[in-house]
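One structure below.
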Amino acid sequence: MSFDVVIFDWDGTLVDSVDHIADSLELAARDLGYPAREREALRHIVGLGMEEALGQLWPGITREEMTRLREVYAHYFFQRDTTPDDLFPGVSELVTSLHGGPTLAVATGKSRPGLDRALGSSGLERYFPLTRCANETASKPDPLMLRQIVSETGVAVERMVMVGDTIYDMEMARRIGMPAIGVTWGVHSQEQLSGHSPVAIASDIFKLRELMAPISTDQ
C-alpha cells in the first residue's frame with residue numbers, strides 16, 4: 001500500500017488510553033449521581049466527540065448537565081498526562097519510520113486542548129503537522145474532519161488512508177471514499193470493523209508496519 005497522507009486516530013490506535021477514558025467517565029458519573037453504565041458501553045463511545053458520547057450514554061442530558069459532566073470528567077482524566085509509556089508498543093517506531101515520507105495527520109474525537117496536551121506530553125507532536133479534533137469540526141462518523149484534511153493538503157482522497165480502531169473511523173472514511181485500515185487492539189473487534197469496508201485490518205502493530213512498509217522512509 002502506498003499513500004501520500006496517513007491519518008491516524010489517537011485514543012485506542014496510537015495511545016493505550018481507552019480504559020483511562022472509561023474510568024474517568026465512570027468516576028464523573030458517580031460523583032454527579034448519573035446512572036452507572038456497563039464497562040462495554042463506556043468503551044464503545046471512545047472515538048466520538050464528547051457531546052455525542054455523553055448524549056449516547058445518558059440520553060436526554062441537558063447542555064448544562066453535559067457541561068458539568070465534562071468538567072468532572074476532565075478533572076479525573078487530566079490527573080495524569082499521556083507519556084511515551086502510554087503509546088502502544090511499536091507505535092513510536094512506526095511513526096518514526098513514516099516521518100519524512102507521507103504527511104502524517106491525526107483525526108480524533110478529542111478536544112483541541114486535550115489533543116495538544118497529549119501530543120506534547122507523549123513526544124509525538126513533531127511528527128503530526130496536521131490535526132483535526134471533533135470540537136472544531138464534527139464528531140465521527142461525520143467525515144468533515146477528513147474533508148478538511150483533503151482540502152488543506154490538496155491530495156486526492158484515494159491517495160490518503162485513515163487508520164483507526166473504531167467503526168466510527170472506518171465509517172467516516174467510507175463515506176467519502178477514503179481507504180481505511182482497522183486495528184484491533186483498541187475499542188472494536190475485527191468483526192465490527194469489517195462491516196465498514198476497510199481495505200485491511202491489522203491485528204497487531206507489526207502487521208500495521210508491514211502494511212505501511214512501502215511508504216516508510218527506512219525501506
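Chain lettering (A, B, ...) mirrors the order of the C-alpha cells, residue numbering begins at 1 for each chain separately, and ligand numbering begins at 1 in order of display.
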
What are the nearest atom pairs, with distances in Å to one decimal, for all residues of stretch 120-192 of chain A that come at most 6 Å from stretch 36-50 of chain A, using only C-alpha atoms, set out by chain and rising residue number as a tab-separated table?
```
residue	atom	partner	partner_atom	distance
A:Ala134	CA	A:Gly49	CA	5.2
A:Ser139	CA	A:Gly49	CA	4.9
A:Lys140	CA	A:Leu48	CA	5.6
```

Query raised in the report: Near stretch 63-80 of chain A, within 12 Å and counting only C-alpha atoms, which residues show up once chain neighbours fewer than 5 positions away are dropped, as JSON, numbers by chain?
Result: {"A": [17, 18, 19, 20, 21, 22, 23, 24, 25, 26, 27, 28, 29, 30, 31, 32, 33, 34, 49, 50, 51, 52, 53, 54, 55, 56, 57, 58, 86, 110, 111, 113, 114, 115, 117, 118, 121, 122]}

Report task. Enter the distance from atom CA of A:Gly90 to atom CA of A:His196, in Å, rounded to one decimal. Result ->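 Spanning atom CA of A:Gly90 to atom CA of A:His196 is a straight-line distance of 25.7 Å.
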
Report task. Could you jot down the atom CA of A:Leu87 to atom CA of A:Ile205 separation for me, Å, one decimal place? Result ->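 Distance between the two atoms: 11.2 Å.
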
**Report entry** Counting only C-alpha atoms, the option among A:Ile167, A:Ile201, A:Met162, A:Leu211 closest to A:Pro179
**Finding:**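 Result for the nearest residue to A:Pro179: A:Met162.
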
Query raised in the report: Neighbours of A:Glu191 within 12 Å (only C-alpha atoms; same-chain residues fewer than 3 positions away dropped), as a list in words?
Result: Asp165, Thr166, Ile167, Gly182, Val183, Thr184, Val187, His188, Ser194, Gly195, His196, Ser197, Pro198, Ile201 and Ser203 of chain A

Report task. Name the residues of stretch 47-194 of chain A that come out as strand (DSSP E) in a backbone DSSP run; write them as a ChimeraX atom specification. Result -> /A:103-108,130-133,160-164,180-183

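Using only C-alpha atoms, the smallest distance between any of A:Pro102, A:Gly123, A:Phe88, A:Pro35 and A:Arg159 comes from A:Pro102.
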